[in-house]
file upload.cif (mmCIF, C-alpha atoms (C1' of nucleotides))
data_my_file
loop_
_atom_site.label_atom_id
_atom_site.label_comp_id
_atom_site.auth_asym_id
_atom_site.auth_seq_id
_atom_site.Cartn_x
_atom_site.Cartn_y
_atom_site.Cartn_z
CA MET A 1 -21.74 -155.25 -47.11
CA TYR A 2 -20.10 -158.49 -46.15
CA ALA A 3 -16.51 -159.69 -46.20
CA ILE A 4 -15.71 -162.79 -48.19
CA GLY A 5 -15.79 -165.11 -45.17
CA GLU A 6 -19.24 -163.90 -44.23
CA ALA A 7 -20.44 -164.18 -47.83
CA ALA A 8 -19.10 -167.73 -47.92
CA ARG A 9 -20.94 -168.68 -44.75
CA LEU A 10 -24.17 -167.07 -45.89
CA SER A 11 -24.14 -168.50 -49.40
CA GLY A 12 -22.61 -171.89 -48.74
CA VAL A 13 -19.92 -171.27 -51.36
CA GLY A 14 -16.31 -171.66 -50.21
CA ILE A 15 -13.99 -168.66 -50.03
CA GLU A 16 -11.55 -170.00 -52.60
CA THR A 17 -14.45 -170.95 -54.82
CA ILE A 18 -15.88 -167.43 -54.69
CA ARG A 19 -12.52 -166.03 -55.76
CA TYR A 20 -12.43 -168.63 -58.51
CA TYR A 21 -15.90 -167.61 -59.73
CA GLU A 22 -14.81 -163.98 -59.86
CA ARG A 23 -11.65 -164.89 -61.76
CA GLU A 24 -13.70 -166.90 -64.23
CA GLY A 25 -16.17 -164.09 -64.71
CA LEU A 26 -19.10 -166.14 -63.44
CA ILE A 27 -19.89 -163.28 -61.08
CA ALA A 28 -19.17 -159.61 -61.74
CA PRO A 29 -15.91 -158.18 -60.37
CA LEU A 30 -16.56 -157.33 -56.76
CA PRO A 31 -16.07 -153.82 -55.43
CA ARG A 32 -13.10 -153.48 -53.09
CA SER A 33 -12.41 -151.73 -49.84
CA ALA A 34 -9.56 -149.23 -49.53
CA SER A 35 -7.22 -152.06 -48.62
CA GLY A 36 -8.35 -154.24 -51.52
CA ARG A 37 -10.77 -156.55 -49.73
CA ARG A 38 -13.83 -157.70 -51.59
CA ALA A 39 -17.17 -156.28 -50.45
CA PHE A 40 -20.35 -158.32 -50.98
CA SER A 41 -23.82 -156.80 -51.20
CA ALA A 42 -26.85 -158.82 -50.18
CA ASP A 43 -27.57 -159.27 -53.87
CA ALA A 44 -24.07 -160.62 -54.50
CA VAL A 45 -24.57 -163.10 -51.66
CA ALA A 46 -27.94 -164.11 -53.09
CA GLU A 47 -26.34 -164.70 -56.47
CA LEU A 48 -23.72 -166.92 -54.87
CA ALA A 49 -26.46 -168.87 -53.14
CA LEU A 50 -28.21 -169.26 -56.50
CA ILE A 51 -25.01 -170.59 -58.02
CA ARG A 52 -24.68 -172.94 -55.10
CA ARG A 53 -28.17 -174.35 -55.66
CA CYS A 54 -27.44 -174.86 -59.33
CA ARG A 55 -24.19 -176.65 -58.53
CA ASP A 56 -26.06 -178.88 -56.09
CA LEU A 57 -28.33 -179.78 -58.98
CA GLY A 58 -25.30 -180.74 -60.99
CA PHE A 59 -25.30 -177.87 -63.47
CA GLY A 60 -21.94 -177.00 -64.98
CA LEU A 61 -20.57 -173.49 -64.85
CA ALA A 62 -21.44 -172.90 -68.51
CA ASP A 63 -25.09 -173.72 -67.84
CA ILE A 64 -25.03 -171.58 -64.71
CA ARG A 65 -23.64 -168.69 -66.70
CA ALA A 66 -26.64 -169.03 -69.01
CA LEU A 67 -29.10 -169.32 -66.13
CA LEU A 68 -27.63 -166.28 -64.40
CA GLY A 69 -28.14 -164.33 -67.59
CA LEU A 70 -31.78 -165.43 -67.61
CA THR A 71 -32.36 -164.26 -64.05
CA ARG A 72 -30.96 -160.83 -64.80
CA GLY A 73 -33.15 -159.83 -67.75
CA GLN A 74 -36.83 -160.57 -67.62
CA PRO A 75 -37.31 -164.28 -67.00
CA ASP A 76 -37.33 -166.41 -70.14
CA CYS A 77 -39.06 -169.55 -69.07
CA ASP A 78 -38.51 -171.43 -72.31
CA ALA A 79 -34.79 -170.79 -72.32
CA ALA A 80 -34.47 -171.85 -68.69
CA ARG A 81 -36.49 -174.97 -69.29
CA SER A 82 -34.32 -175.92 -72.26
CA VAL A 83 -31.13 -175.57 -70.21
CA ALA A 84 -32.66 -177.73 -67.50
CA GLN A 85 -33.93 -180.24 -70.03
CA ARG A 86 -30.54 -180.70 -71.64
CA HIS A 87 -29.04 -181.20 -68.20
CA LEU A 88 -31.74 -183.69 -67.31
CA ASP A 89 -31.02 -185.63 -70.49
CA ARG A 90 -27.35 -185.83 -69.60
CA ILE A 91 -28.21 -187.05 -66.11
CA ARG A 92 -30.48 -189.74 -67.50
CA ASP A 93 -27.76 -190.86 -69.88
CA GLN A 94 -25.37 -191.12 -66.97
CA ILE A 95 -27.86 -193.16 -64.98
CA VAL A 96 -28.32 -195.59 -67.86
CA HIS A 97 -24.56 -195.88 -68.23
CA LEU A 98 -23.97 -196.45 -64.52
CA ARG A 99 -26.71 -199.04 -64.32
CA ARG A 100 -25.06 -201.00 -67.10
CA LEU A 101 -21.79 -200.87 -65.20
CA GLU A 102 -23.53 -201.89 -62.02
CA GLN A 103 -25.00 -204.94 -63.67
CA VAL A 104 -21.79 -206.08 -65.33
CA LEU A 105 -19.79 -205.59 -62.14
CA THR A 106 -22.36 -207.39 -60.06
CA GLU A 107 -22.23 -210.37 -62.39
CA LEU A 108 -18.45 -210.40 -62.43
CA ALA A 109 -18.21 -210.25 -58.67
CA ALA A 110 -20.84 -212.95 -58.29
CA GLY A 111 -18.91 -215.26 -60.61
CA CYS A 112 -16.14 -215.21 -58.07
CA ASP A 113 -18.04 -216.60 -55.12
CA GLY A 114 -17.64 -220.27 -55.85
CA GLN A 115 -13.96 -221.03 -55.38
CA GLU A 116 -13.37 -222.81 -58.63
CA ALA A 117 -10.08 -222.79 -60.47
CA GLY A 118 -8.78 -219.25 -60.95
CA CYS A 119 -10.62 -216.01 -60.31
CA ALA A 120 -13.61 -215.44 -62.55
CA LEU A 121 -13.31 -211.70 -62.08
CA LEU A 122 -9.64 -211.46 -62.98
CA ASP A 123 -10.11 -213.90 -65.83
CA ALA A 124 -12.93 -211.84 -67.27
CA LEU A 125 -10.87 -208.68 -67.12
CA GLN A 126 -7.86 -210.35 -68.63
CA GLY A 127 -9.49 -211.52 -71.79
CA PRO A 128 -12.95 -211.48 -73.31
CA ALA A 129 -12.47 -215.09 -74.35
CA GLY A 130 -15.96 -216.17 -73.35
CA SER A 131 -17.93 -212.98 -73.74
CA ALA A 132 -16.49 -211.60 -76.99
CA MET B 1 6.76 -206.41 -81.67
CA TYR B 2 4.35 -203.62 -82.55
CA ALA B 3 4.76 -199.89 -82.98
CA ILE B 4 2.63 -197.64 -80.82
CA GLY B 5 0.03 -197.03 -83.53
CA GLU B 6 -0.47 -200.74 -84.03
CA ALA B 7 -0.62 -201.33 -80.27
CA ALA B 8 -3.23 -198.59 -80.02
CA ARG B 9 -5.38 -200.15 -82.73
CA LEU B 10 -5.08 -203.63 -81.25
CA SER B 11 -5.75 -202.62 -77.65
CA GLY B 12 -8.28 -199.87 -78.18
CA VAL B 13 -6.19 -197.45 -76.12
CA GLY B 14 -5.25 -194.16 -77.81
CA ILE B 15 -1.64 -193.36 -78.67
CA GLU B 16 -1.41 -190.35 -76.40
CA THR B 17 -3.09 -192.31 -73.65
CA ILE B 18 -0.54 -195.11 -73.92
CA ARG B 19 2.27 -192.60 -73.56
CA TYR B 20 0.43 -191.12 -70.61
CA TYR B 21 0.13 -194.54 -68.95
CA GLU B 22 3.83 -195.12 -69.38
CA ARG B 23 4.63 -191.69 -67.93
CA GLU B 24 2.40 -192.43 -64.96
CA GLY B 25 3.99 -195.81 -64.37
CA LEU B 26 0.73 -197.66 -64.94
CA ILE B 27 2.58 -199.86 -67.43
CA ALA B 28 6.27 -200.71 -67.28
CA PRO B 29 8.69 -198.55 -69.31
CA LEU B 30 8.60 -199.89 -72.84
CA PRO B 31 11.74 -201.09 -74.58
CA ARG B 32 12.87 -198.81 -77.38
CA SER B 33 14.19 -199.29 -80.87
CA ALA B 34 17.55 -197.85 -81.88
CA SER B 35 15.81 -194.64 -82.90
CA GLY B 36 13.87 -194.39 -79.65
CA ARG B 37 10.52 -195.74 -80.76
CA ARG B 38 8.52 -197.81 -78.31
CA ALA B 39 8.24 -201.53 -79.04
CA PHE B 40 5.19 -203.44 -77.81
CA SER B 41 5.17 -207.19 -77.18
CA ALA B 42 1.94 -209.15 -77.47
CA ASP B 43 1.85 -209.20 -73.67
CA ALA B 44 2.17 -205.43 -73.50
CA VAL B 45 -0.72 -205.09 -75.93
CA ALA B 46 -2.79 -207.54 -73.87
CA GLU B 47 -2.09 -205.51 -70.76
CA LEU B 48 -3.27 -202.36 -72.52
CA ALA B 49 -6.44 -204.17 -73.56
CA LEU B 50 -6.96 -205.22 -69.94
CA ILE B 51 -6.58 -201.63 -68.83
CA ARG B 52 -9.05 -200.61 -71.49
CA ARG B 53 -11.65 -203.07 -70.25
CA CYS B 54 -11.19 -201.84 -66.70
CA ARG B 55 -11.59 -198.22 -67.84
CA ASP B 56 -14.77 -199.19 -69.68
CA LEU B 57 -16.03 -200.55 -66.38
CA GLY B 58 -15.32 -197.19 -64.79
CA PHE B 59 -12.33 -198.18 -62.66
CA GLY B 60 -9.93 -195.38 -61.83
CA LEU B 61 -6.23 -195.69 -62.54
CA ALA B 62 -5.46 -196.35 -58.88
CA ASP B 63 -7.80 -199.34 -58.86
CA ILE B 64 -6.38 -200.52 -62.16
CA ARG B 65 -2.90 -200.32 -60.72
CA ALA B 66 -4.04 -202.64 -57.95
CA LEU B 67 -5.80 -205.01 -60.34
CA LEU B 68 -2.75 -205.18 -62.60
CA GLY B 69 -0.68 -206.17 -59.60
CA LEU B 70 -3.16 -208.94 -58.86
CA THR B 71 -2.94 -210.33 -62.37
CA ARG B 72 0.84 -210.48 -62.23
CA GLY B 73 1.33 -212.59 -59.12
CA GLN B 74 -0.90 -215.55 -58.53
CA PRO B 75 -4.50 -214.45 -58.66
CA ASP B 76 -5.91 -213.22 -55.36
CA CYS B 77 -9.62 -213.53 -55.81
CA ASP B 78 -10.55 -211.89 -52.52
CA ALA B 79 -8.43 -208.85 -53.18
CA ALA B 80 -9.85 -208.48 -56.67
CA ARG B 81 -13.37 -208.85 -55.43
CA SER B 82 -12.85 -206.20 -52.78
CA VAL B 83 -11.55 -203.72 -55.35
CA ALA B 84 -14.56 -204.44 -57.52
CA GLN B 85 -16.92 -204.22 -54.56
CA ARG B 86 -15.66 -200.82 -53.50
CA HIS B 87 -16.07 -199.63 -57.06
CA LEU B 88 -19.56 -201.05 -57.23
CA ASP B 89 -20.46 -199.24 -54.01
CA ARG B 90 -19.27 -195.96 -55.48
CA ILE B 91 -21.31 -196.56 -58.62
CA ARG B 92 -24.42 -197.28 -56.61
CA ASP B 93 -23.90 -194.11 -54.60
CA GLN B 94 -23.64 -192.17 -57.82
CA ILE B 95 -26.82 -193.72 -59.15
CA VAL B 96 -28.70 -192.78 -56.00
CA HIS B 97 -27.36 -189.25 -56.24
CA LEU B 98 -28.24 -188.87 -59.90
CA ARG B 99 -31.71 -190.24 -59.37
CA ARG B 100 -32.34 -187.61 -56.72
CA LEU B 101 -31.18 -184.93 -59.14
CA GLU B 102 -33.35 -186.39 -61.85
CA GLN B 103 -36.40 -186.21 -59.68
CA VAL B 104 -35.84 -182.68 -58.47
CA LEU B 105 -35.09 -181.43 -61.97
CA THR B 106 -38.11 -183.17 -63.40
CA GLU B 107 -40.34 -181.52 -60.83
CA LEU B 108 -38.80 -178.12 -61.43
CA ALA B 109 -39.18 -178.39 -65.19
CA ALA B 110 -42.75 -179.61 -64.84
CA GLY B 111 -43.67 -176.64 -62.64
CA CYS B 112 -42.84 -174.43 -65.58
CA ASP B 113 -45.35 -175.84 -68.03
CA GLY B 114 -48.35 -173.83 -66.99
CA GLN B 115 -47.61 -170.24 -67.95
CA GLU B 116 -48.44 -168.61 -64.67
CA ALA B 117 -46.77 -165.48 -63.43
CA GLY B 118 -42.99 -165.80 -63.53
CA CYS B 119 -40.97 -168.90 -64.20
CA ALA B 120 -41.31 -171.59 -61.58
CA LEU B 121 -37.92 -172.98 -62.48
CA LEU B 122 -36.05 -169.71 -62.23
CA ASP B 123 -37.97 -168.78 -59.10
CA ALA B 124 -37.04 -172.04 -57.45
CA LEU B 125 -33.38 -171.56 -58.26
CA GLN B 126 -33.40 -167.98 -57.12
CA GLY B 127 -34.61 -168.60 -53.63
CA PRO B 128 -35.80 -171.54 -51.56
CA ALA B 129 -38.60 -169.36 -50.25
CA GLY B 130 -41.25 -172.02 -50.53
CA SER B 131 -39.23 -175.21 -50.25
CA ALA B 132 -36.77 -174.24 -47.51
"C1'" DG C 1 19.46 -191.62 -103.98
"C1'" DC C 2 15.61 -188.63 -103.22
"C1'" DT C 3 11.12 -187.21 -102.17
"C1'" DT C 4 6.87 -187.65 -99.94
"C1'" DG C 5 3.77 -188.66 -96.44
"C1'" DA C 6 2.85 -191.47 -92.49
"C1'" DT C 7 4.32 -192.35 -88.18
"C1'" DC C 8 6.87 -191.56 -84.27
"C1'" DC C 9 9.29 -188.63 -80.53
"C1'" DT C 10 9.42 -185.03 -76.43
"C1'" DG C 11 7.47 -181.42 -73.94
"C1'" DT C 12 3.95 -178.41 -72.70
"C1'" DA C 13 -0.71 -176.65 -72.02
"C1'" DG C 14 -5.65 -177.18 -71.71
"C1'" DC C 15 -10.14 -179.33 -70.11
"C1'" DC C 16 -13.54 -178.99 -65.35
"C1'" DG C 17 -14.37 -177.23 -60.83
"C1'" DC C 18 -12.37 -176.60 -57.51
"C1'" DT C 19 -8.73 -176.99 -53.48
"C1'" DA C 20 -4.54 -176.17 -51.18
"C1'" DC C 21 -0.87 -174.17 -50.44
"C1'" DA C 22 3.03 -170.07 -49.82
"C1'" DG C 23 4.05 -165.69 -48.47
"C1'" DG C 24 2.48 -161.55 -47.25
"C1'" DA C 25 -0.84 -157.48 -45.88
"C1'" DT C 26 -4.74 -155.96 -43.03
"C1'" DG C 27 -8.30 -155.59 -39.27
"C1'" DC C 28 -9.86 -155.94 -34.81
"C1'" DA C 29 -9.87 -157.04 -29.89
"C1'" DC C 30 -7.51 -156.78 -25.75
"C1'" DG D 1 1.26 -152.81 -29.35
"C1'" DT D 2 0.58 -157.49 -29.73
"C1'" DG D 3 -1.59 -161.26 -31.19
"C1'" DC D 4 -4.70 -163.81 -34.00
"C1'" DA D 5 -8.19 -163.96 -37.55
"C1'" DT D 6 -9.02 -162.75 -41.89
"C1'" DC D 7 -7.92 -161.23 -46.17
"C1'" DC D 8 -4.91 -160.74 -50.52
"C1'" DT D 9 -2.30 -162.62 -54.93
"C1'" DG D 10 -0.30 -166.20 -57.43
"C1'" DT D 11 0.70 -170.79 -58.39
"C1'" DA D 12 0.22 -175.79 -58.48
"C1'" DG D 13 -2.32 -180.04 -57.99
"C1'" DC D 14 -6.32 -183.37 -58.56
"C1'" DG D 15 -8.04 -187.33 -62.72
"C1'" DG D 16 -7.66 -188.90 -67.07
"C1'" DC D 17 -6.79 -187.70 -70.75
"C1'" DT D 18 -6.34 -184.68 -75.26
"C1'" DA D 19 -4.25 -181.50 -78.33
"C1'" DC D 20 -1.02 -179.18 -79.89
"C1'" DA D 21 4.14 -177.52 -81.56
"C1'" DG D 22 8.27 -178.65 -83.47
"C1'" DG D 23 11.07 -181.99 -84.84
"C1'" DA D 24 13.07 -186.94 -86.10
"C1'" DT D 25 12.54 -191.22 -88.48
"C1'" DC D 26 10.64 -194.80 -91.60
"C1'" DA D 27 8.91 -197.01 -95.74
"C1'" DA D 28 7.42 -196.85 -100.34
"C1'" DG D 29 7.65 -195.20 -104.94
"C1'" DC D 30 10.38 -193.40 -108.68
#
call {"tool": "encode", "arguments": {"input": "upload.cif", "output": "structure tokens"}}
result
Amino acid sequence: MYAIGEAARLSGVGIETIRYYEREGLIAPLPRSASGRRAFSADAVAELALIRRCRDLGFGLADIRALLGLTRGQPDCDAARSVAQRHLDRIRDQIVHLRRLEQVLTELAAGCDGQEAGCALLDALQGPAGSA
Amino acid sequence: MYAIGEAARLSGVGIETIRYYEREGLIAPLPRSASGRRAFSADAVAELALIRRCRDLGFGLADIRALLGLTRGQPDCDAARSVAQRHLDRIRDQIVHLRRLEQVLTELAAGCDGQEAGCALLDALQGPAGSA
DNA sequence: GCTTGATCCTGTAGCCGCTACAGGATGCAC
DNA sequence: GTGCATCCTGTAGCGGCTACAGGATCAAGC
């Protein structure tokens, strides 16, 4: 059994975050010592590490809740793949969106290099006179 | 002078959002009618539309605050460009990050297609045994 | 003048995923 | 027994809205 600080170090999840996950019901309520301190089994630490990996992949807590459910019963590959696929779709949408922004911003900033009258960037923001 | 609903329609900024911007000091306190209703000049509406365009470009309210300041005095092209450049850098970082996620997730999902023993996706999440 | 429905007001709480306190109780080493 | 590290609960803040509740006001029709 580990104390919360040790569990945090081992799993890579912050102490406050672990308490938050417990509050939110993402992990099961942890057993307590006589003085009320949380006690973490190796399995609990492993689950935290799993959550950590999912977070690193950008999954939201709702998705992680679903994935945790899938790891507890017998593995349902299709269900897991569909969670991952939906997440992947969202990521691709974000990439498309950000690339559009990147392009527009690059053009706006470039329009400012020649020191003509006024600031092309500020002008463009101020009114879509030329670009509708 | 326009009422808030009209200003919202004209600027593309939601009613609640306009009130929020005023509360946050992003726009100046709006003059009120005798009964306390906000009155929007054409300039106020134009400023809201400017904010809207900046939001569409992904700028945060702090950046927008700075950009609004730049549009009020005489235009400072360098300052504006540096705000935009910092924002562009952040966007590019995000794109890089998301692309990494996309690749990892794609590989994980692909590993699940052949129905071998267990679920490659769930296994990978559960422990970095093979990939360290 | 009265009713009706649209619009407006303030104030507060919720979203996500933490993070950072305050203020106090333990645990452990010396 | 004395420190210091660690732990506890509870609350508030981040960004950028959004969604209420509960009420006031306005404008149009009759």
call {"tool": "closest_atom_pairs", "arguments": {"input": "upload.cif", "of": "chain D", "to": "chain A", "cutoff": "10 Å", "atoms": "all atoms listed in the file", "output": "Markdown table"}}
result
| residue | atom | partner | partner_atom | distance |
| --- | --- | --- | --- | --- |
| D:DT6 | C1' | A:Gly5 | CA | 7.9 |
| D:DC7 | C1' | A:Arg37 | CA | 6.5 |
| D:DC8 | C1' | A:Arg37 | CA | 7.2 |
call {"tool": "interface_residues", "arguments": {"input": "upload.cif", "of": "chain A", "to": "chain C", "cutoff": "9 Å", "atoms": "all atoms listed in the file", "output": "PyMOL selection string"}}
result
chain A and resi 16-17+20+35+60-61
call {"tool": "closest_atom_pairs", "arguments": {"input": "upload.cif", "of": "chain B", "to": "chain A", "cutoff": "8 Å", "atoms": "all atoms listed in the file", "output": "JSON lines"}}
result
{"residue": "B:Ala46", "atom": "CA", "partner": "A:Gln126", "partner_atom": "CA", "distance": 7.8}
{"residue": "B:Glu47", "atom": "CA", "partner": "A:Gln126", "partner_atom": "CA", "distance": 7.8}
{"residue": "B:Leu50", "atom": "CA", "partner": "A:Gln126", "partner_atom": "CA", "distance": 5.4}
{"residue": "B:Arg53", "atom": "CA", "partner": "A:Leu125", "partner_atom": "CA", "distance": 6.5}
{"residue": "B:Cys54", "atom": "CA", "partner": "A:Leu125", "partner_atom": "CA", "distance": 6.9}
{"residue": "B:Leu57", "atom": "CA", "partner": "A:Leu101", "partner_atom": "CA", "distance": 5.9}
{"residue": "B:Gly58", "atom": "CA", "partner": "A:Leu101", "partner_atom": "CA", "distance": 7.5}
{"residue": "B:Leu67", "atom": "CA", "partner": "A:Leu122", "partner_atom": "CA", "distance": 8.0}
{"residue": "B:Thr71", "atom": "CA", "partner": "A:Leu122", "partner_atom": "CA", "distance": 6.8}
{"residue": "B:Pro75", "atom": "CA", "partner": "A:Cys119", "partner_atom": "CA", "distance": 6.5}
{"residue": "B:Asp76", "atom": "CA", "partner": "A:Cys119", "partner_atom": "CA", "distance": 7.4}
{"residue": "B:Cys77", "atom": "CA", "partner": "A:Cys119", "partner_atom": "CA", "distance": 5.2}
{"residue": "B:Ala80", "atom": "CA", "partner": "A:Leu122", "partner_atom": "CA", "distance": 7.0}
{"residue": "B:Arg81", "atom": "CA", "partner": "A:Ala109", "partner_atom": "CA", "distance": 6.0}
{"residue": "B:Ala84", "atom": "CA", "partner": "A:Ala109", "partner_atom": "CA", "distance": 7.0}
{"residue": "B:Gln85", "atom": "CA", "partner": "A:Ala109", "partner_atom": "CA", "distance": 7.4}
{"residue": "B:Leu88", "atom": "CA", "partner": "A:Glu102", "partner_atom": "CA", "distance": 6.3}
{"residue": "B:Ile91", "atom": "CA", "partner": "A:Leu98", "partner_atom": "CA", "distance": 6.5}
{"residue": "B:Arg92", "atom": "CA", "partner": "A:Glu102", "partner_atom": "CA", "distance": 7.2}
{"residue": "B:Gln94", "atom": "CA", "partner": "A:Leu98", "partner_atom": "CA", "distance": 8.0}
{"residue": "B:Ile95", "atom": "CA", "partner": "A:Ile95", "partner_atom": "CA", "distance": 5.9}
{"residue": "B:Leu98", "atom": "CA", "partner": "A:Ile91", "partner_atom": "CA", "distance": 6.5}
{"residue": "B:Arg99", "atom": "CA", "partner": "A:Ile95", "partner_atom": "CA", "distance": 7.4}
{"residue": "B:Leu101", "atom": "CA", "partner": "A:Leu57", "partner_atom": "CA", "distance": 5.9}
{"residue": "B:Glu102", "atom": "CA", "partner": "A:Leu88", "partner_atom": "CA", "distance": 6.3}
{"residue": "B:Leu105", "atom": "CA", "partner": "A:Leu88", "partner_atom": "CA", "distance": 6.7}
{"residue": "B:Thr106", "atom": "CA", "partner": "A:Leu88", "partner_atom": "CA", "distance": 7.5}
{"residue": "B:Ala109", "atom": "CA", "partner": "A:Arg81", "partner_atom": "CA", "distance": 6.0}
{"residue": "B:Cys112", "atom": "CA", "partner": "A:Cys77", "partner_atom": "CA", "distance": 7.1}
{"residue": "B:Gly118", "atom": "CA", "partner": "A:Pro75", "partner_atom": "CA", "distance": 6.8}
{"residue": "B:Cys119", "atom": "CA", "partner": "A:Cys77", "partner_atom": "CA", "distance": 5.3}
{"residue": "B:Leu121", "atom": "CA", "partner": "A:Ala80", "partner_atom": "CA", "distance": 7.2}
{"residue": "B:Leu122", "atom": "CA", "partner": "A:Thr71", "partner_atom": "CA", "distance": 6.8}
{"residue": "B:Leu125", "atom": "CA", "partner": "A:Leu50", "partner_atom": "CA", "distance": 5.9}
{"residue": "B:Gln126", "atom": "CA", "partner": "A:Leu50", "partner_atom": "CA", "distance": 5.4}
{"residue": "B:Gly127", "atom": "CA", "partner": "A:Leu50", "partner_atom": "CA", "distance": 7.0}
call {"tool": "atom_distance", "arguments": {"input": "upload.cif", "atom1": "atom C1' of DG15 of chain D", "atom2": "atom CA of Asp93 of chain B"}}
result
19.1 Å
call {"tool": "atom_distance", "arguments": {"input": "upload.cif", "atom1": "atom CA of Ser11 of chain A", "atom2": "atom C1' of DT11 of chain D"}}
result
26.5 Å
call {"tool": "atom_distance", "arguments": {"input": "upload.cif", "atom1": "atom C1' of DG22 of chain D", "atom2": "atom CA of Gly25 of chain B"}}
result
26.0 Å
call {"tool": "axis_aligned_box", "arguments": {"input": "upload.cif", "around": "segment 12-29 of chain C", "padding_each_side": "4 Å", "output": "AutoDock Vina command-line options"}}
result
--center_x -5.2 --center_y -167.5 --center_z -51.3 --size_x 26.4 --size_y 31.7 --size_z 50.8
call {"tool": "residues_around", "arguments": {"input": "upload.cif", "residues": "Ala8 of chain B", "least_positions_apart": "6", "cutoff": "8 Å", "atoms": "all atoms listed in the file", "output": "tab-separated table (two decimals) with C-alpha atoms, in the frame of the given file"}}
result
chain	number	residue	atom	x	y	z
B	14	GLY	CA	-5.25	-194.16	-77.81
B	15	ILE	CA	-1.64	-193.36	-78.67
B	18	ILE	CA	-0.54	-195.11	-73.92
